[in-house]
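> Structure in structure tokens, see below.
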Amino acid sequence: MTINENGFQADSFTEILESLSDQLKAIYGQDIDLSQDAPDGQYVAIDAKVISDLQDLALYIYNSFDPDFSQGVQLDRLLKLLARTRIPAKKSSLDVNITVSETVTLDIDYTITDDLGQNWIIQNSQEVTTGTTLVTFLSENYGTITLDSNATFEQETIVTQVTALDNPSSAVVGRDEETDQQLKTRRNNILEVNAYSTIGGIVGKILTLDGVDDCIAYENKTDVYDATLDLNAHTYWLIVKGGAVDGIIETISKYKTGGADTKGDVTDTWIETFTRSNGTTREYIHEMNFDRPTETEIYINVDVTKRNATDVIDTQAIKNVLTALDFNIAQNLTVTEMYSYIYQAGTNFIANNLELSKDNITFTSSLLEADYDEEFIISADNITITEV
């Protein structure tokens, strides 16, 4: 074990075992039997294991003070230094038309079950009058619980006055708790607030806004139109995932360069108020634009082969790993790197012939390129796993 200006370096189990063996030989002689079957050999191995475990614990504690290496609760504690917390899990919500034959009060925890076997629960008791009333339900579980419109429901909590249940729109999908890796990425994005460039500073400040998951910006500093980006001269183009529109518009208004234009389909205003010397005020209206990312569901084809004839390949686990992936805006996907995620679902198979596509027609085994405002997402229905 070494602790110096270069940090903490733990010894390997083999190094510790050799060191203890050398010390015993120095005391009792070179002919001492330290083989695995000998009592002295087993004893020194036990000591080496204890020392190795303690050094690993010390190394874990040492690394936990670095946000890039910390995990779990320790990472949460370090994030407090930035006045931030881990984004919690959120339940999906679903608006359901409830038709009743007479006015009735639905008790708290009134539950219905969709045709996928998922439970939906109201959070507060609610009176519904004769006819049809739109009521909001939350999913029983946290995470990305999905449901299309016009699903079929059964009452888990039986209320005889209820005659029909229908959801006119799809569920608003919830989210899983932010993972350590997602949290570390967001922390690094937050630190960009100290960027030196104007555009970098805007991106950094937007990334600190509540609910913002990602932001990317493009800038045309020239006097001519940029056909590649479809961007006018002296114009910013910001693509922001998540966050409230008013906060994003205010941030752009405050920190963009004077005279620069903005591009985007999301348009709103921020009103700046000036106070004159006599106490009266005047307002200046800033109209700004930005865009939301264009979500593209990608298609994945992959072959898997059992390592042993008796192995069982859990294809659902592979799909679960892939659908849990989050990609940044304009992030290209190197196909070979996706293998590492697939193998997180198990080691009893060999994956090959992996291909990705944006349209389920043209597949690539090398690089899937994202457009400037594109964000890739993966749905389980778009993953084809063939056992060969």
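Residue names in the structure tokens use chain letters A, B, ... in the order shown, residue numbers from 1 in each chain, and ligand numbers from 1 in the order shown.
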I'd like to know which residues of stretch 35-145 of chain A are alpha helix (DSSP H) (by DSSP, run on the backbone); could you write them as a ChimeraX atom specification?
/A:39-63,72-79
> Could you save the residues just selected, with N, CA and C atoms, as an mmCIF file, in the first residue's frame?

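Result file follows (again.cif):
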```
data_model
loop_
_atom_site.group_PDB
_atom_site.id
_atom_site.type_symbol
_atom_site.label_atom_id
_atom_site.label_comp_id
_atom_site.auth_asym_id
_atom_site.auth_seq_id
_atom_site.Cartn_x
_atom_site.Cartn_y
_atom_site.Cartn_z
ATOM 1 N N PRO A 39 -0.862 -25.927 7.049
ATOM 2 C CA PRO A 39 -1.525 -25.007 7.981
ATOM 3 C C PRO A 39 -0.950 -23.583 7.919
ATOM 4 N N ASP A 40 0.388 -23.479 7.854
ATOM 5 C CA ASP A 40 0.996 -22.145 7.790
ATOM 6 C C ASP A 40 0.616 -21.434 6.484
ATOM 7 N N GLY A 41 0.554 -22.176 5.393
ATOM 8 C CA GLY A 41 0.176 -21.576 4.121
ATOM 9 C C GLY A 41 -1.257 -21.077 4.137
ATOM 10 N N GLN A 42 -2.144 -21.870 4.746
ATOM 11 C CA GLN A 42 -3.549 -21.447 4.838
ATOM 12 C C GLN A 42 -3.692 -20.229 5.756
ATOM 13 N N TYR A 43 -2.906 -20.217 6.831
ATOM 14 C CA TYR A 43 -2.988 -19.109 7.771
ATOM 15 C C TYR A 43 -2.537 -17.798 7.114
ATOM 16 N N VAL A 44 -1.416 -17.849 6.398
ATOM 17 C CA VAL A 44 -0.914 -16.624 5.767
ATOM 18 C C VAL A 44 -1.860 -16.161 4.661
ATOM 19 N N ALA A 45 -2.542 -17.105 4.000
ATOM 20 C CA ALA A 45 -3.517 -16.726 2.976
ATOM 21 C C ALA A 45 -4.715 -16.012 3.601
ATOM 22 N N ILE A 46 -5.135 -16.485 4.784
ATOM 23 C CA ILE A 46 -6.244 -15.821 5.481
ATOM 24 C C ILE A 46 -5.858 -14.393 5.855
ATOM 25 N N ASP A 47 -4.640 -14.224 6.403
ATOM 26 C CA ASP A 47 -4.174 -12.881 6.752
ATOM 27 C C ASP A 47 -4.096 -11.985 5.518
ATOM 28 N N ALA A 48 -3.589 -12.539 4.419
ATOM 29 C CA ALA A 48 -3.466 -11.749 3.193
ATOM 30 C C ALA A 48 -4.835 -11.296 2.695
ATOM 31 N N LYS A 49 -5.830 -12.187 2.807
ATOM 32 C CA LYS A 49 -7.184 -11.831 2.368
ATOM 33 C C LYS A 49 -7.752 -10.712 3.228
ATOM 34 N N VAL A 50 -7.545 -10.759 4.541
ATOM 35 C CA VAL A 50 -8.047 -9.710 5.435
ATOM 36 C C VAL A 50 -7.391 -8.372 5.097
ATOM 37 N N ILE A 51 -6.076 -8.380 4.919
ATOM 38 C CA ILE A 51 -5.354 -7.146 4.599
ATOM 39 C C ILE A 51 -5.799 -6.606 3.243
ATOM 40 N N SER A 52 -5.975 -7.503 2.272
ATOM 41 C CA SER A 52 -6.420 -7.074 0.945
ATOM 42 C C SER A 52 -7.803 -6.434 1.011
ATOM 43 N N ASP A 53 -8.716 -7.043 1.775
ATOM 44 C CA ASP A 53 -10.060 -6.483 1.916
ATOM 45 C C ASP A 53 -10.023 -5.107 2.573
ATOM 46 N N LEU A 54 -9.168 -4.942 3.590
ATOM 47 C CA LEU A 54 -9.063 -3.652 4.270
ATOM 48 C C LEU A 54 -8.479 -2.582 3.336
ATOM 49 N N GLN A 55 -7.494 -2.984 2.522
ATOM 50 C CA GLN A 55 -6.935 -2.025 1.568
ATOM 51 C C GLN A 55 -7.961 -1.644 0.499
ATOM 52 N N ASP A 56 -8.743 -2.626 0.055
ATOM 53 C CA ASP A 56 -9.800 -2.323 -0.920
ATOM 54 C C ASP A 56 -10.831 -1.372 -0.321
ATOM 55 N N LEU A 57 -11.160 -1.575 0.944
ATOM 56 C CA LEU A 57 -12.095 -0.672 1.619
ATOM 57 C C LEU A 57 -11.512 0.740 1.705
ATOM 58 N N ALA A 58 -10.227 0.829 2.068
ATOM 59 C CA ALA A 58 -9.579 2.136 2.153
ATOM 60 C C ALA A 58 -9.548 2.817 0.782
ATOM 61 N N LEU A 59 -9.291 2.026 -0.278
ATOM 62 C CA LEU A 59 -9.267 2.574 -1.625
ATOM 63 C C LEU A 59 -10.663 3.064 -2.029
ATOM 64 N N TYR A 60 -11.683 2.305 -1.657
ATOM 65 C CA TYR A 60 -13.065 2.708 -1.965
ATOM 66 C C TYR A 60 -13.402 4.031 -1.270
ATOM 67 N N ILE A 61 -13.027 4.145 -0.004
ATOM 68 C CA ILE A 61 -13.293 5.377 0.740
ATOM 69 C C ILE A 61 -12.524 6.545 0.121
ATOM 70 N N TYR A 62 -11.270 6.294 -0.240
ATOM 71 C CA TYR A 62 -10.449 7.338 -0.865
ATOM 72 C C TYR A 62 -11.093 7.812 -2.169
ATOM 73 N N ASN A 63 -11.517 6.872 -3.010
ATOM 74 C CA ASN A 63 -12.115 7.237 -4.289
ATOM 75 C C ASN A 63 -13.478 7.903 -4.134
ATOM 76 N N GLY A 72 -23.547 5.896 -5.401
ATOM 77 C CA GLY A 72 -24.673 5.845 -4.477
ATOM 78 C C GLY A 72 -24.802 7.043 -3.566
ATOM 79 N N VAL A 73 -24.968 6.764 -2.276
ATOM 80 C CA VAL A 73 -25.222 7.814 -1.285
ATOM 81 C C VAL A 73 -24.064 8.801 -1.216
ATOM 82 N N GLN A 74 -22.822 8.301 -1.338
ATOM 83 C CA GLN A 74 -21.680 9.212 -1.272
ATOM 84 C C GLN A 74 -21.701 10.212 -2.417
ATOM 85 N N LEU A 75 -22.110 9.765 -3.601
ATOM 86 C CA LEU A 75 -22.239 10.677 -4.732
ATOM 87 C C LEU A 75 -23.326 11.712 -4.460
ATOM 88 N N ASP A 76 -24.421 11.289 -3.842
ATOM 89 C CA ASP A 76 -25.484 12.229 -3.472
ATOM 90 C C ASP A 76 -24.953 13.311 -2.529
ATOM 91 N N ARG A 77 -24.121 12.905 -1.592
ATOM 92 C CA ARG A 77 -23.578 13.860 -0.614
ATOM 93 C C ARG A 77 -22.661 14.886 -1.294
ATOM 94 N N LEU A 78 -21.837 14.409 -2.227
ATOM 95 C CA LEU A 78 -20.932 15.325 -2.916
ATOM 96 C C LEU A 78 -21.713 16.305 -3.789
ATOM 97 N N LEU A 79 -22.837 15.852 -4.328
ATOM 98 C CA LEU A 79 -23.629 16.720 -5.197
ATOM 99 C C LEU A 79 -24.221 17.891 -4.421
#
```
> Which stretch 269-386 of chain A residues have any atom within 10 Å of an atom of stretch 198-215 of chain A, and for each, what is the nearest pair of atoms with distance in Å to one decimal, counting only C-alpha atoms, rows sorted by chain and number, as a tab-separated table?

```
residue	atom	partner	partner_atom	distance
A:Asp291	CA	A:Cys215	CA	9.9
A:Arg292	CA	A:Cys215	CA	9.2
A:Pro293	CA	A:Cys215	CA	8.9
A:Phe327	CA	A:Asp214	CA	9.5
A:Asn328	CA	A:Asp214	CA	6.7
A:Ile329	CA	A:Asp214	CA	7.0
A:Ala330	CA	A:Cys215	CA	10.0
A:Asp373	CA	A:Cys215	CA	9.8
```
> Would you list, as JSON, numbers by chain, the residues of stretch 97-197 of chain A that end up in strand (DSSP E or B) under DSSP run on this structure's backbone?
{"A": [97, 98, 99, 100, 104, 105, 106, 111, 112, 113, 114, 119, 120, 121, 126, 127, 128, 131, 132, 133, 134, 135, 136, 137, 138, 139, 140, 141, 142, 153, 154, 155, 162, 163, 164, 165, 166, 172, 175]}
> Just the selected residues (C-alpha atoms), exported as a PDB file, in the first residue's frame, please.

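What landed in result.pdb:
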```
ATOM      1  CA  ASN A  97     -62.829   8.982 -18.653  1.00  0.00           C
ATOM      2  CA  ILE A  98     -64.952   7.391 -15.938  1.00  0.00           C
ATOM      3  CA  THR A  99     -68.645   6.924 -16.731  1.00  0.00           C
ATOM      4  CA  VAL A 100     -70.961   6.341 -13.762  1.00  0.00           C
ATOM      5  CA  VAL A 104     -70.370   8.352  -6.459  1.00  0.00           C
ATOM      6  CA  THR A 105     -67.229   9.055  -4.463  1.00  0.00           C
ATOM      7  CA  LEU A 106     -64.133   7.128  -5.499  1.00  0.00           C
ATOM      8  CA  THR A 111     -57.463   1.123  -8.625  1.00  0.00           C
ATOM      9  CA  ILE A 112     -58.017  -0.034 -12.185  1.00  0.00           C
ATOM     10  CA  THR A 113     -55.977  -2.533 -14.204  1.00  0.00           C
ATOM     11  CA  ASP A 114     -55.169  -2.164 -17.902  1.00  0.00           C
ATOM     12  CA  ASN A 119     -52.362  -0.983 -12.016  1.00  0.00           C
ATOM     13  CA  TRP A 120     -53.408   2.688 -12.078  1.00  0.00           C
ATOM     14  CA  ILE A 121     -54.432   4.409  -8.848  1.00  0.00           C
ATOM     15  CA  GLN A 126     -62.866  12.154  -5.706  1.00  0.00           C
ATOM     16  CA  GLU A 127     -66.546  12.622  -6.387  1.00  0.00           C
ATOM     17  CA  VAL A 128     -67.672  11.880  -9.940  1.00  0.00           C
ATOM     18  CA  GLY A 131     -72.188  10.817 -16.741  1.00  0.00           C
ATOM     19  CA  THR A 132     -68.528  10.964 -17.730  1.00  0.00           C
ATOM     20  CA  THR A 133     -65.698  12.620 -15.772  1.00  0.00           C
ATOM     21  CA  LEU A 134     -62.011  12.815 -16.657  1.00  0.00           C
ATOM     22  CA  VAL A 135     -59.912  11.581 -13.721  1.00  0.00           C
ATOM     23  CA  THR A 136     -56.108  11.435 -13.445  1.00  0.00           C
ATOM     24  CA  PHE A 137     -54.500   8.198 -12.267  1.00  0.00           C
ATOM     25  CA  LEU A 138     -50.887   7.426 -11.406  1.00  0.00           C
ATOM     26  CA  SER A 139     -49.144   4.146 -12.133  1.00  0.00           C
ATOM     27  CA  GLU A 140     -48.658   1.815  -9.205  1.00  0.00           C
ATOM     28  CA  ASN A 141     -44.936   1.574  -9.899  1.00  0.00           C
ATOM     29  CA  TYR A 142     -42.315   4.208 -10.594  1.00  0.00           C
ATOM     30  CA  PHE A 153     -59.576  -1.663 -18.212  1.00  0.00           C
ATOM     31  CA  GLU A 154     -60.996  -3.708 -15.380  1.00  0.00           C
ATOM     32  CA  GLN A 155     -61.761  -2.441 -11.903  1.00  0.00           C
ATOM     33  CA  VAL A 162     -68.859   2.659 -12.738  1.00  0.00           C
ATOM     34  CA  THR A 163     -70.103   1.526 -16.147  1.00  0.00           C
ATOM     35  CA  ALA A 164     -67.234   2.439 -18.484  1.00  0.00           C
ATOM     36  CA  LEU A 165     -63.514   3.306 -18.414  1.00  0.00           C
ATOM     37  CA  ASP A 166     -61.589   4.790 -21.310  1.00  0.00           C
ATOM     38  CA  VAL A 172     -47.537  10.574 -19.689  1.00  0.00           C
ATOM     39  CA  ARG A 175     -39.006   8.000 -15.229  1.00  0.00           C
TER      40      ARG A 175
END
```
> Quick one: distance from atom CA of A:Ile249 to atom CA of A:Arg187 in Å, one decimal?
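Here the two named atoms are 22.1 Å from each other.
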> How far is it from atom CA of A:Pro88 to atom CA of A:Ser170, in Å with one decimal?
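Between atom CA of A:Pro88 and atom CA of A:Ser170 the gap is 22.4 Å.
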> Give the answer as one residue: which of A:Ile378, A:Leu24, A:Ile216, A:Ile385 has the shortest atom-to-atom distance to A:Val302, using only C-alpha atoms?
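Nearest candidate to A:Val302 out of A:Ile378, A:Leu24, A:Ile216, A:Ile385: A:Ile385.
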> Ranking A:Asn301, A:Thr310, A:Val245, A:Thr315 by minimum distance to A:Ile361 and counting only C-alpha atoms, which one comes first?
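Under the stated criterion, the closest residue is A:Asn301.
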> Neighbours of A:Phe349 within 12 Å (only C-alpha atoms; same-chain residues fewer than 5 positions away dropped), as a ChimeraX atom specification?
/A:302-315,318,339,342-344,386-388
> Filtering to N, CA and C atoms, could you give me those residues as a compact mmCIF listing (two decimals), in the first residue's frame?

```
# COMPACT_ATOMS: atom_id res chain seq x y z
N VAL A 302 -29.65 -8.15 -33.64
CA VAL A 302 -28.45 -8.79 -33.12
C VAL A 302 -28.69 -10.30 -33.02
N ASP A 303 -27.65 -11.08 -33.33
CA ASP A 303 -27.69 -12.53 -33.17
C ASP A 303 -26.99 -12.90 -31.87
N VAL A 304 -27.52 -13.91 -31.18
CA VAL A 304 -26.89 -14.40 -29.95
C VAL A 304 -26.75 -15.92 -30.03
N THR A 305 -25.65 -16.42 -29.51
CA THR A 305 -25.37 -17.85 -29.54
C THR A 305 -25.01 -18.32 -28.14
N LYS A 306 -25.59 -19.43 -27.69
CA LYS A 306 -25.29 -19.97 -26.37
C LYS A 306 -23.83 -20.39 -26.30
N ARG A 307 -23.21 -20.11 -25.17
CA ARG A 307 -21.84 -20.59 -24.97
C ARG A 307 -21.84 -22.10 -24.69
N ASN A 308 -22.88 -22.57 -23.98
CA ASN A 308 -23.04 -23.99 -23.70
C ASN A 308 -24.45 -24.40 -24.08
N ALA A 309 -24.61 -25.63 -24.48
CA ALA A 309 -25.91 -26.10 -24.97
C ALA A 309 -26.99 -25.98 -23.92
N THR A 310 -26.61 -26.06 -22.63
CA THR A 310 -27.61 -26.02 -21.56
C THR A 310 -27.94 -24.60 -21.11
N ASP A 311 -27.23 -23.62 -21.65
CA ASP A 311 -27.47 -22.23 -21.25
C ASP A 311 -28.84 -21.75 -21.73
N VAL A 312 -29.41 -20.82 -20.96
CA VAL A 312 -30.65 -20.16 -21.36
C VAL A 312 -30.36 -18.67 -21.51
N ILE A 313 -30.58 -18.14 -22.69
CA ILE A 313 -30.30 -16.73 -22.95
C ILE A 313 -31.52 -15.89 -22.58
N ASP A 314 -31.32 -14.95 -21.69
CA ASP A 314 -32.40 -14.08 -21.23
C ASP A 314 -32.50 -12.88 -22.19
N THR A 315 -33.27 -13.05 -23.25
CA THR A 315 -33.39 -11.97 -24.24
C THR A 315 -34.09 -10.75 -23.66
N ILE A 318 -31.59 -8.52 -22.06
CA ILE A 318 -30.85 -7.75 -23.05
C ILE A 318 -31.67 -6.52 -23.46
N TYR A 339 -22.02 -3.46 -28.05
CA TYR A 339 -21.83 -4.81 -27.53
C TYR A 339 -21.60 -4.80 -26.02
N ILE A 342 -24.84 -4.84 -24.27
CA ILE A 342 -25.53 -6.12 -24.42
C ILE A 342 -24.99 -7.15 -23.43
N TYR A 343 -23.67 -7.14 -23.25
CA TYR A 343 -23.07 -8.13 -22.35
C TYR A 343 -23.31 -7.81 -20.87
N GLN A 344 -23.88 -6.65 -20.58
CA GLN A 344 -24.28 -6.39 -19.20
C GLN A 344 -25.46 -7.27 -18.79
N THR A 386 -32.07 -12.61 -32.39
CA THR A 386 -32.19 -13.91 -33.03
C THR A 386 -31.18 -14.89 -32.43
N GLU A 387 -31.69 -15.97 -31.89
CA GLU A 387 -30.80 -16.98 -31.31
C GLU A 387 -30.37 -17.94 -32.41
N VAL A 388 -29.07 -18.04 -32.63
CA VAL A 388 -28.53 -18.87 -33.70
C VAL A 388 -27.55 -19.90 -33.13
```
> What is the distance between atom CA of A:Leu94 and atom CA of A:Gly174, in Å to one decimal?
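Distance between the two atoms: 10.4 Å.
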> For each of A:Thr281, A:Thr222, A:Ser101, A:Thr347, take the minimum atom-to-atom distance to A:Thr235, counting only C-alpha atoms, then give the residue where this is smallest.
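Of the candidates, the smallest distance to A:Thr235 is held by A:Thr222.
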> Would you list the contacts of stretch 365-372 of chain A as a VMD selection string, taking every protein, DNA or RNA residue within 12 Å and counting only C-alpha atoms, but skipping same-chain residues closer than 2 positions in sequence?
chain A and resid 215 to 218 228 to 231 237 to 239 291 to 302 327 to 339 352 to 359 362 to 363 374 to 377
> I'd like the contact shell of A:Ser12 - 9 Å cut-off, only C-alpha atoms, skipping same-chain residues fewer than 3 positions apart - returned as a list of chain:residue names.
A:Met1, A:Glu15, A:Ile16, A:Leu17, A:Ser52
